[in-house]
$ cat my_file.tsv   # TSV, C-alpha atoms
chain	number	residue	atom	x	y	z
E	17	TRP	CA	10.32	4.77	21.91
E	18	THR	CA	7.64	7.11	20.68
E	19	ILE	CA	7.03	10.50	19.05
E	20	PRO	CA	4.63	13.40	19.78
E	21	MET	CA	1.89	11.82	17.62
E	22	GLY	CA	2.04	8.71	19.81
E	23	VAL	CA	1.99	10.79	22.98
E	24	LEU	CA	-1.09	12.70	21.77
E	25	SER	CA	-2.81	9.48	20.74
E	26	ASP	CA	-2.16	7.85	24.12
E	27	GLY	CA	-3.35	10.99	25.89
E	28	PHE	CA	-6.60	10.98	23.91
E	29	LYS	CA	-7.18	7.31	24.75
E	30	ASP	CA	-6.59	8.02	28.44
E	31	LEU	CA	-8.93	11.01	28.31
E	32	ALA	CA	-11.71	9.21	26.45
E	33	GLY	CA	-11.28	6.02	28.47
E	34	ALA	CA	-14.34	3.79	28.55
E	35	ALA	CA	-16.14	5.98	26.00
E	36	LEU	CA	-13.82	4.95	23.15
E	37	PRO	CA	-15.69	1.75	22.13
E	38	GLY	CA	-18.89	3.77	21.91
E	39	ILE	CA	-17.11	6.41	19.82
E	40	VAL	CA	-15.92	3.71	17.40
E	41	LEU	CA	-19.43	2.28	17.10
E	42	GLY	CA	-20.83	5.77	16.58
E	43	ILE	CA	-18.35	6.48	13.76
E	44	VAL	CA	-19.29	3.22	12.02
E	45	MET	CA	-23.02	3.90	12.31
E	46	VAL	CA	-22.72	7.53	11.14
E	47	SER	CA	-20.73	6.24	8.16
E	48	LEU	CA	-23.53	3.86	7.21
E	49	VAL	CA	-26.39	6.31	7.78
E	50	GLY	CA	-24.61	9.05	5.83
E	51	SER	CA	-23.78	6.69	2.96
E	52	LEU	CA	-27.34	5.40	2.73
E	53	GLY	CA	-28.66	8.97	2.81
E	54	VAL	CA	-26.35	10.16	0.01
E	55	THR	CA	-27.10	7.04	-2.07
E	56	ILE	CA	-30.86	7.63	-1.79
E	57	TRP	CA	-30.42	11.34	-2.52
E	58	LYS	CA	-28.43	10.58	-5.69
E	59	ARG	CA	-31.14	8.27	-6.99
E	60	VAL	CA	-33.84	10.85	-6.32
E	61	ASN	CA	-31.79	13.75	-7.74
E	62	ARG	CA	-30.03	12.13	-10.69
E	63	ARG	CA	-29.11	15.41	-12.38
E	64	SER	CA	-27.09	16.88	-9.50
E	65	ARG	CA	-24.13	15.75	-7.43
E	66	PRO	CA	-23.60	15.93	-3.66
E	67	SER	CA	-21.40	18.80	-2.47
E	68	ASN	CA	-17.83	18.23	-1.28
E	69	PHE	CA	-19.13	18.29	2.29
E	70	TRP	CA	-20.65	14.84	1.69
E	71	HIS	CA	-17.57	13.42	-0.02
E	72	SER	CA	-16.93	10.88	2.77
E	73	PHE	CA	-20.39	9.35	2.25
E	74	ASN	CA	-20.46	9.39	-1.57
E	75	VAL	CA	-19.47	5.77	-2.31
E	76	THR	CA	-20.01	3.15	-4.99
E	77	THR	CA	-22.29	0.14	-4.46
E	78	PRO	CA	-19.49	-2.32	-3.45
E	79	TRP	CA	-18.18	0.06	-0.79
E	80	LEU	CA	-21.72	0.72	0.43
E	81	LEU	CA	-22.21	-3.03	0.88
E	82	LEU	CA	-18.92	-3.16	2.81
E	83	ARG	CA	-20.13	-0.38	5.09
E	84	ILE	CA	-23.40	-2.23	5.72
E	85	ALA	CA	-21.57	-5.48	6.51
E	86	GLY	CA	-19.00	-3.71	8.67
E	87	THR	CA	-21.68	-1.92	10.68
E	88	VAL	CA	-23.59	-5.16	11.31
E	89	ILE	CA	-20.38	-6.83	12.53
E	90	ALA	CA	-19.46	-3.84	14.72
E	91	VAL	CA	-22.87	-3.93	16.41
E	92	CYS	CA	-22.57	-7.71	16.96
E	93	ILE	CA	-19.10	-7.33	18.52
E	94	PHE	CA	-20.02	-4.35	20.71
E	95	TYR	CA	-23.17	-5.97	22.10
E	96	GLU	CA	-21.78	-9.56	21.87
E	97	LEU	CA	-24.59	-10.70	19.59
E	98	GLY	CA	-24.51	-13.77	17.38
E	99	PRO	CA	-22.05	-16.69	17.46
E	100	GLN	CA	-18.94	-16.73	19.62
E	101	TRP	CA	-16.64	-17.09	16.62
E	102	LEU	CA	-17.77	-13.66	15.42
E	103	HIS	CA	-17.27	-11.57	18.57
E	104	GLY	CA	-14.81	-13.78	20.46
E	105	ASP	CA	-11.50	-12.75	22.03
E	106	LYS	CA	-9.49	-14.10	19.06
E	107	THR	CA	-11.61	-12.56	16.30
E	108	GLY	CA	-14.06	-9.67	16.63
E	109	LYS	CA	-12.77	-8.23	19.89
E	110	ILE	CA	-9.23	-8.04	18.51
E	111	VAL	CA	-10.51	-6.00	15.57
E	112	PHE	CA	-12.77	-3.72	17.63
E	113	TYR	CA	-10.60	-3.12	20.70
E	114	ASP	CA	-7.02	-3.75	19.53
E	115	LEU	CA	-7.23	-2.34	15.99
E	116	ALA	CA	-10.17	0.05	15.57
E	117	ILE	CA	-9.69	2.05	18.78
E	118	PRO	CA	-5.98	2.81	18.16
E	119	ILE	CA	-6.73	3.72	14.53
E	120	VAL	CA	-9.44	6.19	15.56
E	121	SER	CA	-7.06	7.71	18.08
E	122	ILE	CA	-3.92	7.96	15.96
E	123	PHE	CA	-5.68	9.28	12.85
E	124	LEU	CA	-7.35	12.01	14.87
E	125	PHE	CA	-3.89	13.55	15.15
E	126	ALA	CA	-2.28	12.15	12.00
E	127	GLY	CA	-4.88	13.89	9.87
E	128	PHE	CA	-3.89	17.25	11.37
E	129	LEU	CA	-0.13	16.71	11.66
E	130	LEU	CA	0.66	15.09	8.29
E	131	PRO	CA	0.01	18.31	6.31
E	132	LEU	CA	2.89	19.81	8.29
E	133	LEU	CA	5.10	17.24	6.52
E	134	THR	CA	3.57	17.60	3.06
E	135	ASP	CA	2.65	21.28	2.65
E	136	TYR	CA	5.39	23.30	4.34
E	137	GLY	CA	8.63	22.17	2.70
E	138	VAL	CA	9.82	19.17	4.73
E	139	MET	CA	9.27	16.67	1.91
E	140	GLU	CA	11.05	18.95	-0.57
E	141	LEU	CA	14.04	19.34	1.77
E	142	VAL	CA	14.48	15.66	2.62
E	143	GLY	CA	13.36	14.52	-0.83
E	144	SER	CA	16.05	16.56	-2.53
E	145	LEU	CA	18.74	15.26	-0.17
E	146	ALA	CA	17.61	11.64	-0.60
E	147	ARG	CA	16.87	11.84	-4.34
E	148	ARG	CA	20.02	10.22	-5.69
E	149	PRO	CA	20.19	7.16	-3.38
E	150	PHE	CA	16.44	6.49	-3.67
E	151	GLN	CA	16.52	6.77	-7.44
E	152	PHE	CA	19.57	4.51	-7.68
E	153	LEU	CA	18.39	1.82	-5.24
E	154	PHE	CA	14.63	1.84	-5.63
E	155	GLY	CA	13.82	3.89	-8.73
E	156	LEU	CA	11.72	6.24	-6.58
E	157	PRO	CA	11.58	9.99	-5.85
E	158	GLY	CA	13.57	11.12	-2.83
E	159	ARG	CA	10.42	12.39	-1.11
E	160	SER	CA	9.33	8.76	-0.65
E	161	SER	CA	11.87	8.57	2.21
E	162	ILE	CA	9.42	10.68	4.23
E	163	ASP	CA	6.69	8.04	3.74
E	164	CYS	CA	9.07	5.46	5.13
E	165	MET	CA	9.95	7.61	8.15
E	166	ALA	CA	6.28	8.30	8.87
E	167	SER	CA	5.62	4.56	9.02
E	168	TRP	CA	8.61	3.75	11.21
E	169	MET	CA	7.83	6.52	13.70
E	170	SER	CA	4.07	6.10	13.98
E	171	ALA	CA	2.17	3.40	12.05
E	172	SER	CA	2.19	1.79	8.61
E	173	VAL	CA	-1.21	3.23	7.70
E	174	VAL	CA	0.16	6.73	8.32
E	175	GLY	CA	2.76	6.05	5.62
E	176	VAL	CA	0.05	4.74	3.28
E	177	LEU	CA	-2.08	7.84	3.93
E	178	LEU	CA	0.88	10.06	3.09
E	179	THR	CA	1.60	8.11	-0.11
E	180	ALA	CA	-2.05	8.17	-1.20
E	181	GLN	CA	-2.22	11.94	-0.71
E	182	GLN	CA	0.98	12.51	-2.69
E	183	TYR	CA	-0.32	10.27	-5.50
E	184	ASP	CA	-3.59	12.21	-5.65
E	185	ARG	CA	-1.63	15.48	-5.93
E	186	GLY	CA	0.55	14.23	-8.78
E	187	TYR	CA	3.87	13.77	-6.97
E	188	TYR	CA	3.89	9.99	-7.53
E	189	SER	CA	2.94	7.92	-10.55
E	190	ALA	CA	0.67	4.89	-10.14
E	191	ARG	CA	3.69	2.55	-10.11
E	192	GLU	CA	5.61	4.70	-7.62
E	193	ALA	CA	2.62	4.95	-5.25
E	194	ALA	CA	2.05	1.19	-5.44
E	195	VAL	CA	5.74	0.46	-4.81
E	196	ILE	CA	6.04	2.88	-1.89
E	197	SER	CA	2.86	1.72	-0.14
E	198	THR	CA	3.75	-1.98	-0.44
E	199	ASN	CA	7.49	-1.77	0.26
E	200	PHE	CA	8.08	1.10	2.65
E	201	SER	CA	4.96	1.31	4.84
E	202	ILE	CA	6.45	-0.94	7.52
E	203	VAL	CA	4.95	-1.30	10.99
E	204	SER	CA	6.36	0.99	13.66
E	205	LEU	CA	9.38	0.14	15.80
E	206	PRO	CA	7.30	-0.06	19.03
E	207	PHE	CA	5.05	-2.69	17.41
E	208	CYS	CA	8.14	-4.69	16.43
E	209	LEU	CA	9.16	-4.68	20.08
E	210	ILE	CA	5.70	-5.90	21.13
E	211	VAL	CA	5.96	-8.77	18.62
E	212	ALA	CA	9.42	-9.74	19.92
E	213	GLU	CA	8.21	-9.75	23.53
E	214	PHE	CA	5.16	-11.86	22.67
E	215	ALA	CA	7.37	-14.41	20.87
E	216	ARG	CA	9.77	-14.46	23.85
E	217	LEU	CA	12.62	-13.00	21.80
E	218	ASP	CA	12.90	-9.54	23.33
E	219	HIS	CA	16.43	-10.43	24.50
E	220	MET	CA	17.42	-10.53	20.80
E	221	PHE	CA	15.57	-7.40	19.72
E	222	ILE	CA	18.62	-5.66	18.21
E	223	GLN	CA	19.54	-8.69	16.05
E	224	TYR	CA	15.89	-9.20	15.12
E	225	TYR	CA	15.32	-5.57	14.09
E	226	LEU	CA	18.56	-5.31	12.13
E	227	THR	CA	17.47	-8.45	10.27
E	228	VAL	CA	14.14	-6.77	9.49
E	229	VAL	CA	15.97	-3.71	8.14
E	230	LEU	CA	18.33	-5.82	5.99
E	231	ALA	CA	15.57	-8.01	4.54
E	232	GLY	CA	13.30	-4.98	4.06
E	233	VAL	CA	15.90	-3.05	2.07
E	234	VAL	CA	16.70	-6.07	-0.13
E	235	ALA	CA	12.96	-6.63	-0.74
E	236	ALA	CA	12.47	-2.95	-1.62
E	237	ILE	CA	15.19	-3.30	-4.27
E	238	ILE	CA	13.99	-6.62	-5.76
E	239	VAL	CA	10.19	-6.78	-5.37
E	240	PRO	CA	9.33	-3.62	-7.41
E	241	ARG	CA	11.27	-5.11	-10.34
E	242	LEU	CA	9.04	-8.22	-10.33
E	243	PRO	CA	5.36	-8.66	-11.27
E	244	PRO	CA	2.81	-7.48	-10.34
E	245	LEU	CA	4.46	-4.17	-9.35
E	246	SER	CA	6.70	-4.03	-12.44
E	247	ARG	CA	3.61	-4.17	-14.69
E	248	ILE	CA	1.87	-1.14	-13.19
E	249	PRO	CA	2.21	1.80	-15.62
E	250	ASP	CA	3.75	5.15	-14.70
E	251	ASN	CA	0.46	6.96	-15.18
E	252	TYR	CA	-0.55	9.81	-12.91
E	253	SER	CA	-3.74	10.25	-10.94
E	254	PRO	CA	-6.71	11.50	-12.99
E	255	ALA	CA	-7.57	13.71	-10.00
E	256	GLY	CA	-4.37	15.75	-10.34
E	257	LYS	CA	-1.51	16.48	-12.70
E	258	GLN	CA	2.11	15.39	-12.67
E	259	VAL	CA	4.29	17.56	-10.45
E	260	LEU	CA	7.95	17.55	-11.43
E	261	ASP	CA	10.69	18.26	-8.88
E	262	GLU	CA	12.96	20.86	-10.41
E	263	GLU	CA	16.67	20.63	-9.62
E	264	ASN	CA	19.30	23.32	-10.21
E	265	VAL	CA	22.51	21.32	-10.54
E	266	ASP	CA	24.60	24.52	-10.44
E	267	GLN	CA	23.85	24.91	-6.72
E	268	PRO	CA	25.29	22.77	-3.90
E	269	LEU	CA	22.98	19.97	-2.74
E	270	MET	CA	22.03	21.57	0.58
E	271	ALA	CA	21.42	24.97	-1.01
E	272	ARG	CA	19.05	23.63	-3.68
E	273	SER	CA	17.31	21.44	-1.09
E	274	LEU	CA	16.66	24.50	1.09
E	275	ASP	CA	15.52	26.50	-1.94
E	276	ALA	CA	13.00	23.80	-2.87
E	277	ALA	CA	11.72	23.68	0.72
E	278	LEU	CA	11.37	27.47	1.01
E	279	LYS	CA	9.61	27.66	-2.35
E	280	LYS	CA	7.06	25.09	-1.19
E	281	ALA	CA	6.65	26.80	2.19
E	282	SER	CA	5.92	30.14	0.48
E	283	LEU	CA	2.89	28.52	-1.17
E	284	ALA	CA	1.68	26.77	2.00
E	285	PRO	CA	-1.96	27.21	3.09
E	286	GLY	CA	-2.93	29.42	6.01
E	287	ALA	CA	-4.24	28.19	9.35
E	288	TYR	CA	-7.89	28.07	8.28
E	289	SER	CA	-7.20	26.15	5.06
E	290	TRP	CA	-4.92	23.75	6.97
E	291	PHE	CA	-7.59	23.10	9.60
E	292	LYS	CA	-10.35	22.63	7.03
E	293	SER	CA	-8.41	20.17	4.86
E	294	SER	CA	-7.09	18.31	7.92
E	295	LEU	CA	-10.59	17.91	9.35
E	296	ALA	CA	-11.73	16.55	5.97
E	297	ASN	CA	-8.83	14.06	6.08
E	298	VAL	CA	-9.82	12.82	9.55
E	299	THR	CA	-13.51	12.38	8.75
E	300	ASP	CA	-12.72	10.72	5.41
E	301	ILE	CA	-10.48	8.18	7.15
E	302	TRP	CA	-12.86	7.59	10.05
E	303	PHE	CA	-16.02	7.16	7.97
E	304	GLY	CA	-14.33	5.53	4.99
E	305	LEU	CA	-11.96	3.13	6.73
E	306	MET	CA	-13.68	1.90	9.88
E	307	PRO	CA	-16.65	-0.10	8.45
E	308	PRO	CA	-14.58	-1.97	5.80
E	309	LEU	CA	-11.94	-2.60	8.46
E	310	MET	CA	-14.55	-4.22	10.70
E	311	PHE	CA	-15.70	-6.59	7.96
E	312	ILE	CA	-12.42	-7.49	6.24
E	313	ALA	CA	-10.32	-7.83	9.40
E	314	THR	CA	-12.94	-9.87	11.25
E	315	ALA	CA	-13.50	-12.13	8.23
E	316	GLY	CA	-9.75	-12.68	7.93
E	317	LEU	CA	-9.38	-13.60	11.58
E	318	VAL	CA	-12.38	-15.94	11.48
E	319	ILE	CA	-10.93	-17.73	8.43
E	320	ALA	CA	-7.50	-17.99	10.06
E	321	GLU	CA	-8.84	-19.18	13.41
E	322	TYR	CA	-11.77	-21.44	12.55
E	323	THR	CA	-11.06	-22.88	9.10
E	324	PRO	CA	-8.22	-24.97	7.63
E	325	ILE	CA	-7.84	-22.63	4.65
E	326	MET	CA	-4.62	-21.04	5.92
E	327	GLN	CA	-3.14	-24.50	6.59
E	328	TRP	CA	-3.98	-25.62	3.06
E	329	ILE	CA	-2.47	-22.49	1.51
E	330	SER	CA	0.67	-22.86	3.62
E	331	LEU	CA	1.44	-26.45	2.53
E	332	PRO	CA	3.85	-25.38	-0.27
E	333	TYR	CA	5.95	-23.56	2.34
E	334	VAL	CA	6.70	-26.74	4.31
E	335	PRO	CA	9.30	-28.15	1.86
E	336	LEU	CA	10.79	-24.66	1.47
E	337	LEU	CA	11.22	-24.34	5.24
E	338	GLU	CA	12.71	-27.83	5.40
E	339	LEU	CA	15.12	-26.91	2.59
E	340	LEU	CA	16.17	-23.85	4.64
E	341	GLN	CA	16.65	-26.19	7.65
E	342	ILE	CA	14.03	-24.50	9.81
E	343	PRO	CA	12.90	-26.75	12.72
E	344	GLU	CA	9.18	-27.52	13.21
E	345	ALA	CA	8.46	-26.60	9.58
E	346	GLU	CA	4.86	-27.90	9.61
E	347	LYS	CA	3.99	-25.74	12.62
E	348	ALA	CA	5.77	-22.70	11.21
E	349	ALA	CA	4.29	-22.80	7.67
E	350	PRO	CA	0.83	-21.37	8.55
E	351	ALA	CA	2.54	-18.38	10.18
E	352	LEU	CA	3.89	-17.39	6.76
E	353	VAL	CA	0.32	-17.09	5.45
E	354	VAL	CA	-1.86	-15.82	8.30
E	355	GLY	CA	-0.01	-12.51	8.39
E	356	PHE	CA	-1.92	-11.50	5.27
E	357	ALA	CA	-5.05	-11.32	7.43
E	358	GLU	CA	-3.52	-9.70	10.51
E	359	MET	CA	0.07	-8.70	11.33
E	360	PHE	CA	0.00	-10.06	14.89
E	361	LEU	CA	-1.19	-13.59	14.04
E	362	PRO	CA	2.29	-14.95	13.09
E	363	ALA	CA	3.55	-13.94	16.55
E	364	VAL	CA	0.65	-15.87	18.11
E	365	ILE	CA	1.70	-19.00	16.20
E	366	ALA	CA	5.38	-18.40	16.96
E	367	ALA	CA	4.70	-18.21	20.69
E	368	GLY	CA	3.63	-21.88	20.66
E	369	ILE	CA	6.78	-23.11	18.88
E	370	GLU	CA	9.66	-24.45	20.92
E	371	SER	CA	12.56	-23.71	18.54
E	372	GLU	CA	13.96	-20.23	19.14
E	373	LEU	CA	15.42	-20.17	15.63
E	374	THR	CA	12.00	-20.87	14.11
E	375	ARG	CA	10.37	-18.19	16.23
E	376	PHE	CA	13.02	-15.70	15.10
E	377	VAL	CA	12.42	-16.55	11.42
E	378	ILE	CA	8.63	-16.28	11.79
E	379	ILE	CA	8.48	-12.88	13.48
E	380	ALA	CA	11.20	-11.28	11.35
E	381	THR	CA	9.59	-12.51	8.13
E	382	SER	CA	6.12	-11.42	9.29
E	383	ILE	CA	7.30	-7.83	9.70
E	384	VAL	CA	8.90	-7.59	6.23
E	385	GLN	CA	5.95	-9.31	4.52
E	386	LEU	CA	4.34	-5.93	5.20
E	387	ILE	CA	0.96	-6.56	3.50
E	388	TYR	CA	-1.82	-7.28	5.99
E	389	MET	CA	-5.48	-6.74	5.28
E	390	SER	CA	-6.75	-5.90	8.76
E	391	GLU	CA	-5.35	-2.38	8.55
E	392	MET	CA	-2.82	-1.44	5.89
E	393	GLY	CA	-4.46	-3.50	3.12
E	394	VAL	CA	-7.93	-2.05	3.73
E	395	PHE	CA	-6.54	1.47	3.52
E	396	VAL	CA	-4.73	0.75	0.24
E	397	LEU	CA	-7.96	-0.64	-1.27
E	398	LYS	CA	-9.88	2.40	-0.06
E	399	SER	CA	-7.36	4.84	-1.53
E	400	ASN	CA	-6.92	5.73	-5.21
E	401	ILE	CA	-3.67	3.76	-5.42
E	402	PRO	CA	-4.32	1.29	-8.29
E	403	LEU	CA	-3.96	-2.01	-6.41
E	404	ASN	CA	-6.62	-4.69	-5.98
E	405	LEU	CA	-6.95	-7.56	-3.52
E	406	LEU	CA	-5.36	-10.15	-5.82
E	407	GLN	CA	-2.36	-7.90	-6.50
E	408	LEU	CA	-1.88	-7.31	-2.79
E	409	PHE	CA	-1.87	-11.06	-2.14
E	410	LEU	CA	0.62	-11.67	-4.96
E	411	ILE	CA	2.92	-8.95	-3.59
E	412	PHE	CA	2.62	-10.58	-0.16
E	413	VAL	CA	3.70	-13.94	-1.62
E	414	VAL	CA	6.59	-12.40	-3.58
E	415	ARG	CA	7.84	-10.54	-0.51
E	416	THR	CA	7.69	-13.78	1.49
E	417	LEU	CA	9.71	-15.72	-1.10
E	418	VAL	CA	12.30	-12.93	-1.35
E	419	THR	CA	12.77	-12.25	2.37
E	420	LEU	CA	12.42	-15.74	3.89
E	421	PRO	CA	15.83	-17.04	2.65
E	422	ILE	CA	17.52	-13.84	3.89
E	423	VAL	CA	15.98	-14.11	7.35
E	424	ALA	CA	16.76	-17.85	7.53
E	425	ALA	CA	20.39	-17.22	6.54
E	426	VAL	CA	20.78	-14.58	9.25
E	427	ALA	CA	19.12	-16.86	11.82
E	428	HIS	CA	21.56	-19.69	11.04
E	429	PHE	CA	24.49	-17.24	11.10
E	430	LEU	CA	23.49	-16.11	14.58
E	431	VAL	CA	23.58	-19.77	15.68
E	432	PHE	CA	20.83	-19.89	18.30

$ encode --input "my_file.tsv" --output "structure tokens"
Amino acid sequence: WTIPMGVLSDGFKDLAGAALPGIVLGIVMVSLVGSLGVTIWKRVNRRSRPSNFWHSFNVTTPWLLLRIAGTVIAVCIFYELGPQWLHGDKTGKIVFYDLAIPIVSIFLFAGFLLPLLTDYGVMELVGSLARRPFQFLFGLPGRSSIDCMASWMSASVVGVLLTAQQYDRGYYSAREAAVISTNFSIVSLPFCLIVAEFARLDHMFIQYYLTVVLAGVVAAIIVPRLPPLSRIPDNYSPAGKQVLDEENVDQPLMARSLDAALKKASLAPGAYSWFKSSLANVTDIWFGLMPPLMFIATAGLVIAEYTPIMQWISLPYVPLLELLQIPEAEKAAPALVVGFAEMFLPAVIAAGIESELTRFVIIATSIVQLIYMSEMGVFVLKSNIPLNLLQLFLIFVVRTLVTLPIVAAVAHFLVF
């Protein structure tokens, strides 16, 4: 049920134990102090720029404000300061202990292991083999299949990290990076099992997961051909230049795939360069992602838990669910919206619904909605992938409208 990255992450959490919450708080505070220091230094020394060593702390004013807000919230949660709705078990503590700690742990190893996928020929090998089907079905380079595998085997944010890096290096256009990150960065299989168990549907895990795969593939074919993704231009990152995959059609497929992989491997960095760039990846993710995560995820959970906003937004889904003959439509509708804030919230709503068919529809749809701000969405916004908050929400809605009828049809076919 897991892979070496998961084993290493679990081992680190066991080793660090009770110190992990303090490590998370320390990362958030270092992020803020470093960002404030670099901001002040830039204003004092307007004619010079900070060195690459300070890249993780060199942020614009909006991201600096997010780091300030995130640090304040992290301190309040850690020390249980302020109102209960901020640091309670259903809001702040979920973000700090159930989201932030695993992210710190898994990215400690993801930052070092992902270059082994990107820099030593694996993406060229698999990408060449998968080129034709991925171009035909999704209009994407074959190497994007690796992003998908990275998400399935570890975590969705690992897939987004991989996609963002490939976009920065010129392997993906803006449209391709946006499509891959919002259609293939699915949550891992172990998380799907946790959701099924929480919704009391673990006895139907095989049917549930096959439904997720079916709806996910259909969405990956349809959604990129609809706005807003279809309107994103095929421009390449200003930070890099377009890298074209060369293909010698005179060679057999396996031979040219191996040639492409060996050619890439011959240019791979040495151990020191690998370690240096990997360490920069880890610190950039830790210091850049954790404070915004604290603010955005906590705000989303507070809105979902303590305000009627999600219920209001979900009202248009009630007649759609009734049209699809889904029992307890009024109770189920909010679950189709709250997943935008946090992936696990739909399962929480589903657990309180009596109809097994409705619970099946909720949890399967929540997985293939894919966009959730508490983790994956924050990382997309932080990256150079050209997607904003409104576009992410629109993609979330489009994915819901595309996948919900498919999941409902399968649920009725299974005849609970």

$ residues_around --input "my_file.tsv" --residues "Leu153 (chain E)" --least-positions-apart "5" --cutoff "9 Å" --atoms "all atoms listed in the file" --output "MDAnalysis selection string"
chainID E and resid 148 236:237

$ closest_atom_pairs --input "my_file.tsv" --of "region 288-326 of chain E" --to "region 63-87 of chain E" --cutoff "12 Å" --atoms "all atoms listed in the file" --output "JSON lines"
{"residue": "E:Lys292", "atom": "CA", "partner": "E:Phe69", "partner_atom": "CA", "distance": 10.9}
{"residue": "E:Ser293", "atom": "CA", "partner": "E:Phe69", "partner_atom": "CA", "distance": 11.2}
{"residue": "E:Leu295", "atom": "CA", "partner": "E:Phe69", "partner_atom": "CA", "distance": 11.1}
{"residue": "E:Ala296", "atom": "CA", "partner": "E:Ser72", "partner_atom": "CA", "distance": 8.3}
{"residue": "E:Asn297", "atom": "CA", "partner": "E:Ser72", "partner_atom": "CA", "distance": 9.3}
{"residue": "E:Val298", "atom": "CA", "partner": "E:Ser72", "partner_atom": "CA", "distance": 10.0}
{"residue": "E:Thr299", "atom": "CA", "partner": "E:Ser72", "partner_atom": "CA", "distance": 7.1}
{"residue": "E:Asp300", "atom": "CA", "partner": "E:Ser72", "partner_atom": "CA", "distance": 5.0}
{"residue": "E:Ile301", "atom": "CA", "partner": "E:Ser72", "partner_atom": "CA", "distance": 8.3}
{"residue": "E:Trp302", "atom": "CA", "partner": "E:Ser72", "partner_atom": "CA", "distance": 9.0}
{"residue": "E:Phe303", "atom": "CA", "partner": "E:Ser72", "partner_atom": "CA", "distance": 6.5}
{"residue": "E:Gly304", "atom": "CA", "partner": "E:Ser72", "partner_atom": "CA", "distance": 6.3}
{"residue": "E:Leu305", "atom": "CA", "partner": "E:Arg83", "partner_atom": "CA", "distance": 9.0}
{"residue": "E:Met306", "atom": "CA", "partner": "E:Gly86", "partner_atom": "CA", "distance": 7.8}
{"residue": "E:Pro307", "atom": "CA", "partner": "E:Gly86", "partner_atom": "CA", "distance": 4.3}
{"residue": "E:Pro308", "atom": "CA", "partner": "E:Leu82", "partner_atom": "CA", "distance": 5.4}
{"residue": "E:Leu309", "atom": "CA", "partner": "E:Gly86", "partner_atom": "CA", "distance": 7.1}
{"residue": "E:Met310", "atom": "CA", "partner": "E:Gly86", "partner_atom": "CA", "distance": 4.9}
{"residue": "E:Phe311", "atom": "CA", "partner": "E:Gly86", "partner_atom": "CA", "distance": 4.4}
{"residue": "E:Ile312", "atom": "CA", "partner": "E:Gly86", "partner_atom": "CA", "distance": 8.0}
{"residue": "E:Ala313", "atom": "CA", "partner": "E:Gly86", "partner_atom": "CA", "distance": 9.6}
{"residue": "E:Thr314", "atom": "CA", "partner": "E:Gly86", "partner_atom": "CA", "distance": 9.0}
{"residue": "E:Ala315", "atom": "CA", "partner": "E:Gly86", "partner_atom": "CA", "distance": 10.1}

$ residues_around --input "my_file.tsv" --residues "Ser273 (chain E)" --least-positions-apart "4" --cutoff "10 Å" --atoms "all atoms listed in the file" --output "PyMOL selection string"
chain E and resi 137-146+263-264+267-269+277-279

$ closest_residue --input "my_file.tsv" --among "E:Trp57, E:Phe429, E:Tyr136, E:Tyr187" --to "Lys280 (chain E)" --atoms "only C-alpha atoms"
E:Tyr136

$ closest_residue --input "my_file.tsv" --among "E:Pro118, E:Gly186, E:Pro285, E:Pro402" --to "Leu132 (chain E)" --atoms "all atoms listed in the file"
E:Pro285

$ closest_residue --input "my_file.tsv" --among "E:Ala287, E:Met21, E:Leu156, E:Leu405" --to "Leu129 (chain E)" --atoms "all atoms listed in the file"
E:Met21

$ residues_around --input "my_file.tsv" --residues "region 91-93 of chain E" --least-positions-apart "3" --cutoff "10 Å" --atoms "all atoms listed in the file" --output "PyMOL selection string"
chain E and resi 41-42+44-45+86-88+96-100+102-105+107-113+310+314
